[in-house]
Structure formats: structure tokens, C-alpha cells
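K.L.:
Supplied in C-alpha cells, the structure appears directly below.
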Amino acid sequence: MPPFRLGLIADIQYADCEDGTDFSGSERRYFRNSLKITERAVDCWNAVGVDAVVQLGDIIDGCNSKLQASETALKRVLEVLSRSPAPRFDLVGNHELYNLPRDALERCGLRCGEGRSYYAAHLGDFWEGIFLDPFEVALIGVPQDSPQFVEATETIRTHNPQVLTGARDWFTGLPTEKHRFVPYNGGISQTQLKWLESAVQAAEADSRKVLIFLHVPLYEPATKAKTVVWNAEEILHILHTHRDTVVAVFAGHDHDGGYAVDEAGLHHITMNSPLTAEGDCFAVLECYEGWAHFKAHGRACVESNTLGSGRAYPELILAKDAVNSTSPLSASSEDSSVLQAMGFDSVKAQEALQATGNLDAAVALLCG
């Protein structure tokens with residue numbers, strides 16, 4: 001049976017303006033080029049025949065709001081993405097909320113869950129995609145008289161009160177473990193947490209493996225301290241309780257990207273941003289029964305904590321106990337990883353490959 005294929009891209013952040021930098025001046029941003037990369041991504045996805053596309057949030061840059069071009073910029077990116085006939089899942093990122101009111105996102109063409117910003121969807125016969133909203137409790141995108149804004153304000157007052165004083169530097173004297181408590185991050189409500197638990201349980205009862213998608217990363221080793229969901233540990237607790245069902249977490253937000261495996265064996269992939277890339281920056285995820293194969297195009301995912309300049313992962317085998325390398329795998333190493341992902345012992349897998357010389361014959365030998 002052919003795999004269920006997903007096209008993946010994060011943080012397009014398109015704007016029709018000259019190249020620029022981030023607030024610190026250290027990150028170069030190629031606003032128009034990000035759309036060209038998106039065009040190549042769609043061409044690739046159409047060529048391989050993806051079954052769905054996941055756009056991980058921050059589809060346009062916040063500068064569009066100042067340019068009064070939010071809807072125009074969004075329309076242009078959506079026109080490119082619509083060249084793929086595959087269904088598309090859009091996530092809510094902070095830049096969506098800089099540009100548009102929440103109730104305008106779907107009216108403007110984003111597919112964020114038909115009225116609810118977190119939802120689940122079948123991905124083929126063996127997988128469930130769970131899409132979360134890490135800005136449900138936030139200082140952006142929610143009315144200031146709402147319970148979510150009040151909760152967010154109290155969270156910031158507790159962990160990083162200088163944000164509320166108007167300080168220009170939010171991090172002076174702040175312990176690293178509290179760097180996540182800034183306005184461009186957010187949290188997930190208790191209601192969404194309960195829904196997440198029930199969604200994972202439903203997938204588990206249906207014998208489906210789970211992929212988690214959200215804009216902001218959950219696991220600091222796969223990103224940096226400044227780009228983590230406020231209550232990430234509560235989310236991870238639920239996912240770790242179902243570690244045999246949940247396989248991987250995909251996020252964007254941190255333009256520099258990263259990858260790590262946590263103590264429960266979950267793979268955390270933080271995808272790099274086309275906004276800061278000169279070459280390709282997207283991926284295809286092939287979902288097989290029980291495991292998945294992340295195929296990077298360009299620098300879609302690189303080593304964590306390298307400011308985006310580290311070695312890239314050409315591919316990732318997403319399965320329990322799979323070990324991934326930033327160096328291109330040899331055919332025998334890749335085949336061994338595939339066999340391990342299928343549940344075979346690593347030593348026996350290598351012996352079968354040495355005895356037979358190819359993957360199909362090794363599978364027949366191990367199954368025989």
C-alpha cells in the first residue's frame with residue numbers, strides 16, 4: 001500500500017517588500033523570495049502527489065499590517081498554495097494574529113478548523129493528525145476583556161512582569177527557563193488540554209498513530225528557550241502518557257529550526273522558515289503503517305541551537321528508537337533504519353541486510 005503523503009511548510013511570512021532583518025538586525029529576511037520557495041514547494045508536492053498539505057502558521061509577515069496589505073498578501077500566498085489540489089490544513093501563528101482578527105482568518109481563506117482553532121483529522125488509514133492552537137491563551141488575538149487575556153496577563157505577571165511595564169528588553173535578568181513568557185508565544189487552555197487527551201485516546205482506540213501539529217514548539221532541545229509554548233509541560237505530559245501512539249510533533253515559529261527526541265521517544269521537528277532561506281525549505285512526509293519518513297527539500301530542518309547554520313537533516317525516520325543523522329545515509333544505513341522502524345531488532349536487521357543485500361529480501365528473511 002502506498003504511503004499517505006503530506007506536504008509540509010512553515011513560516012512563509014510573505015510580504016511584497018524589500019528584504020530586511022528581524023528586530024535585532026541579525027536575521028536576514030527575504031520577503032518576496034519566500035513566495036518563490038512556496039511555488040517550488042507546490043510544484044514538488046504536485047509532482048509526488050501529496051494527499052494533503054500542512055501549513056504550520058505565520059503564512060504572511062506582520063509588516064503587512066503596517067503596509068495595510070494583510071488581505072492582499074494573504075490572498076497571494078493562498079493563490080500559490082491552491083495550485084495544489086490536495087486538502088490543506090492551516091495553523092494559527094502569531095503573525096496571523098498581528099494581521100487579522102481571529103474571526104476573519106477563515107473568511108480570508110485560511111482553513112483553521114471551521115470555527116474551532118484546534119481539531120483532528122484522519123490522515124489515510126493508519127494516522128491521525130491533531131492540530132493545536134498555542135495562542136488560545138495569549139496577549140495577542142483575543143479580546144482584552146476575555147478570560148483568555150486575563151489568564152495570559154496573570155501568567156506574564158507571574159513569570160516575566162517586565163513585559164507589562166513596557167520594557168524594551170524583555171529578557172534582562174530573566175532566568176533562561178522563563179524566556180518563553182513573552183507576547184509572541186502563548187498557551188493552551190485547560191479545555192483544549194482535555195480535548196487533546198480525548199483526541200489521542202480516540203486515535204489510540206482506533207489503532208491510529210498520531211502526529212501533532214502546532215505553530216510553537218513544545219520541546220526546548222528542538223528549538224530555543226525563547227520559542228516554547230508557555231504550558232508545554234502540560235501538553236507533553238498528555239503526549240507522553242500515550243507514547244506508544246504519538247510519534248512526532250511538528251512546529252515552526254523558530255526560523256532557525258531544530259530537531260530532538262525527548263525522553264518518551266517522541267520526535268520533535270521544528271521546521272526552518274523559507275523567509276530566511278535562499279534555497280528550498282519544505283518537506284514531504286510519507287506516512288506508512290506505524291512509522292513515517294520525513295524527506296527534506298533544502299534546509300527544511302537543521303541541527304538545533306545553530307542559528308540555522310548547522311548541518312541539515314536530509315531525512316528523518318520517525319519511529320520509536322530510530323536514530324537520525326545530519327549526514328546523508330548510506331543505502332545500508334537507511335535500509336537498517338527502515339527495518340528498525342518496522343519493529344525488527346537493529347542487530348538482526350543489519351545481519352539480514354548483510355546476508356541478502358537488499359531491503360525486500362531482508363524483510364522476507366526476517367519475516368520467514
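We label chains A, B, ... in the order they appear in the C-alpha cells, count residues from 1 in each chain, and number ligands from 1 in the order shown.
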Need to verify the contact set: range 104-108 of chain A, 12 Å, only C-alpha atoms, exclusion of same-chain residues closer than 4 positions in sequence. Can you return it as a PyMOL selection string?
P.N.:
chain A and resi 57-59+70-79+89-93+95-100+112-117+141
K.L.:
Could you write out, as a PyMOL selection string, all the residues of range 116-235 of chain A that DSSP marks as helix (DSSP H, G or I)?
P.N.:
chain A and resi 147-159+161-165+176-178+190-205+220-222+232-235
K.L.:
Keeping N, CA and C atoms, export the residues of the selection given above as a short mmCIF file (atom, residue, chain, number, x, y, z; two decimals), in the first residue's frame.
P.N.:
```cif
data_model
loop_
_atom_site.label_atom_id
_atom_site.label_comp_id
_atom_site.auth_asym_id
_atom_site.auth_seq_id
_atom_site.Cartn_x
_atom_site.Cartn_y
_atom_site.Cartn_z
N PRO A 147 -11.60 35.98 29.29
CA PRO A 147 -10.89 35.18 30.31
C PRO A 147 -9.50 34.74 29.83
N GLN A 148 -9.36 34.50 28.53
CA GLN A 148 -8.07 34.05 28.00
C GLN A 148 -7.01 35.15 28.13
N PHE A 149 -7.41 36.40 27.88
CA PHE A 149 -6.46 37.51 28.00
C PHE A 149 -6.11 37.74 29.48
N VAL A 150 -7.11 37.65 30.35
CA VAL A 150 -6.86 37.82 31.78
C VAL A 150 -5.90 36.75 32.28
N GLU A 151 -6.11 35.50 31.86
CA GLU A 151 -5.21 34.41 32.27
C GLU A 151 -3.81 34.64 31.73
N ALA A 152 -3.71 35.08 30.47
CA ALA A 152 -2.40 35.35 29.88
C ALA A 152 -1.68 36.46 30.62
N THR A 153 -2.40 37.51 30.99
CA THR A 153 -1.80 38.62 31.71
C THR A 153 -1.26 38.16 33.06
N GLU A 154 -2.02 37.33 33.75
CA GLU A 154 -1.55 36.82 35.05
C GLU A 154 -0.34 35.91 34.88
N THR A 155 -0.32 35.12 33.81
CA THR A 155 0.83 34.26 33.55
C THR A 155 2.08 35.09 33.33
N ILE A 156 1.98 36.14 32.53
CA ILE A 156 3.12 37.00 32.27
C ILE A 156 3.52 37.76 33.53
N ARG A 157 2.55 38.24 34.30
CA ARG A 157 2.85 38.96 35.54
C ARG A 157 3.62 38.06 36.51
N THR A 158 3.29 36.79 36.52
CA THR A 158 3.96 35.84 37.42
C THR A 158 5.38 35.53 36.96
N HIS A 159 5.58 35.36 35.64
CA HIS A 159 6.85 34.83 35.15
C HIS A 159 7.76 35.88 34.51
N PRO A 161 7.19 39.91 34.53
CA PRO A 161 6.39 41.13 34.69
C PRO A 161 6.92 42.33 33.92
N GLN A 162 8.22 42.31 33.54
CA GLN A 162 8.74 43.48 32.83
C GLN A 162 8.09 43.67 31.45
N VAL A 163 7.47 42.60 30.92
CA VAL A 163 6.71 42.74 29.67
C VAL A 163 5.59 43.75 29.85
N LEU A 164 4.95 43.74 31.01
CA LEU A 164 3.79 44.58 31.26
C LEU A 164 4.16 46.02 31.62
N THR A 165 5.44 46.27 31.87
CA THR A 165 5.89 47.62 32.23
C THR A 165 6.29 48.43 31.01
N THR A 176 16.78 31.76 32.13
CA THR A 176 16.54 31.17 30.81
C THR A 176 15.25 30.36 30.77
N GLU A 177 14.93 29.65 31.85
CA GLU A 177 13.74 28.81 31.84
C GLU A 177 12.45 29.62 31.75
N LYS A 178 12.54 30.95 31.93
CA LYS A 178 11.36 31.81 31.81
C LYS A 178 11.34 32.62 30.51
N GLN A 190 -7.12 24.83 29.56
CA GLN A 190 -7.45 23.54 30.16
C GLN A 190 -8.51 22.82 29.31
N THR A 191 -9.39 23.59 28.69
CA THR A 191 -10.40 22.98 27.82
C THR A 191 -9.74 22.28 26.64
N GLN A 192 -8.76 22.96 26.02
CA GLN A 192 -8.06 22.35 24.89
C GLN A 192 -7.23 21.15 25.33
N LEU A 193 -6.65 21.22 26.52
CA LEU A 193 -5.89 20.09 27.04
C LEU A 193 -6.78 18.86 27.21
N LYS A 194 -7.98 19.06 27.75
CA LYS A 194 -8.91 17.94 27.92
C LYS A 194 -9.33 17.38 26.55
N TRP A 195 -9.55 18.28 25.60
CA TRP A 195 -9.88 17.82 24.25
C TRP A 195 -8.73 17.03 23.66
N LEU A 196 -7.50 17.49 23.86
CA LEU A 196 -6.32 16.78 23.34
C LEU A 196 -6.27 15.37 23.90
N GLU A 197 -6.48 15.23 25.20
CA GLU A 197 -6.47 13.90 25.82
C GLU A 197 -7.50 12.99 25.15
N SER A 198 -8.71 13.51 24.95
CA SER A 198 -9.76 12.68 24.34
C SER A 198 -9.45 12.37 22.88
N ALA A 199 -8.83 13.32 22.16
CA ALA A 199 -8.50 13.08 20.75
C ALA A 199 -7.43 12.00 20.61
N VAL A 200 -6.43 12.02 21.48
CA VAL A 200 -5.39 10.99 21.44
C VAL A 200 -5.98 9.64 21.82
N GLN A 201 -6.83 9.63 22.83
CA GLN A 201 -7.47 8.38 23.24
C GLN A 201 -8.31 7.79 22.12
N ALA A 202 -9.02 8.65 21.39
CA ALA A 202 -9.85 8.16 20.28
C ALA A 202 -8.98 7.55 19.19
N ALA A 203 -7.85 8.20 18.87
CA ALA A 203 -6.94 7.65 17.87
C ALA A 203 -6.36 6.32 18.34
N GLU A 204 -6.02 6.26 19.61
CA GLU A 204 -5.47 5.03 20.19
C GLU A 204 -6.48 3.89 20.10
N ALA A 205 -7.74 4.18 20.42
CA ALA A 205 -8.78 3.16 20.35
C ALA A 205 -9.01 2.67 18.93
N GLU A 220 12.16 22.25 24.25
CA GLU A 220 13.23 23.23 24.07
C GLU A 220 14.44 22.70 23.32
N PRO A 221 14.90 21.45 23.53
CA PRO A 221 16.06 20.98 22.76
C PRO A 221 15.86 20.96 21.24
N ALA A 222 14.60 21.05 20.80
CA ALA A 222 14.33 21.10 19.35
C ALA A 222 14.15 22.53 18.87
N ALA A 232 3.99 24.11 27.96
CA ALA A 232 4.41 22.96 27.15
C ALA A 232 4.44 21.67 27.97
N GLU A 233 4.85 21.75 29.24
CA GLU A 233 4.96 20.53 30.04
C GLU A 233 3.62 19.84 30.23
N GLU A 234 2.54 20.63 30.34
CA GLU A 234 1.21 20.02 30.48
C GLU A 234 0.84 19.25 29.22
N ILE A 235 1.19 19.80 28.08
CA ILE A 235 0.89 19.14 26.81
C ILE A 235 1.73 17.87 26.68
#
```
K.L.:
Which residue is closest to Met342 in chain A? Choose from A:Glu136, A:Ala322, A:Thr223, A:Gly186 and count only C-alpha atoms.
P.N.:
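Going through A:Glu136, A:Ala322, A:Thr223, A:Gly186 one by one, the smallest distance to Met342 in chain A is for A:Ala322.
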K.L.:
Rank nothing, just name the residue among A:Arg180, A:Arg32, A:Arg311, A:Arg299 nearest to Ile60 in chain A, using only C-alpha atoms.
P.N.:
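Checking each of A:Arg180, A:Arg32, A:Arg311, A:Arg299 against Ile60 in chain A, counting only C-alpha atoms, the winner is A:Arg32.
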K.L.:
Which residue, A:Trp45, A:Tyr118, A:Trp291, A:Phe131, has the smallest gap to Leu6 in chain A when you use only C-alpha atoms?
P.N.:
A:Trp45
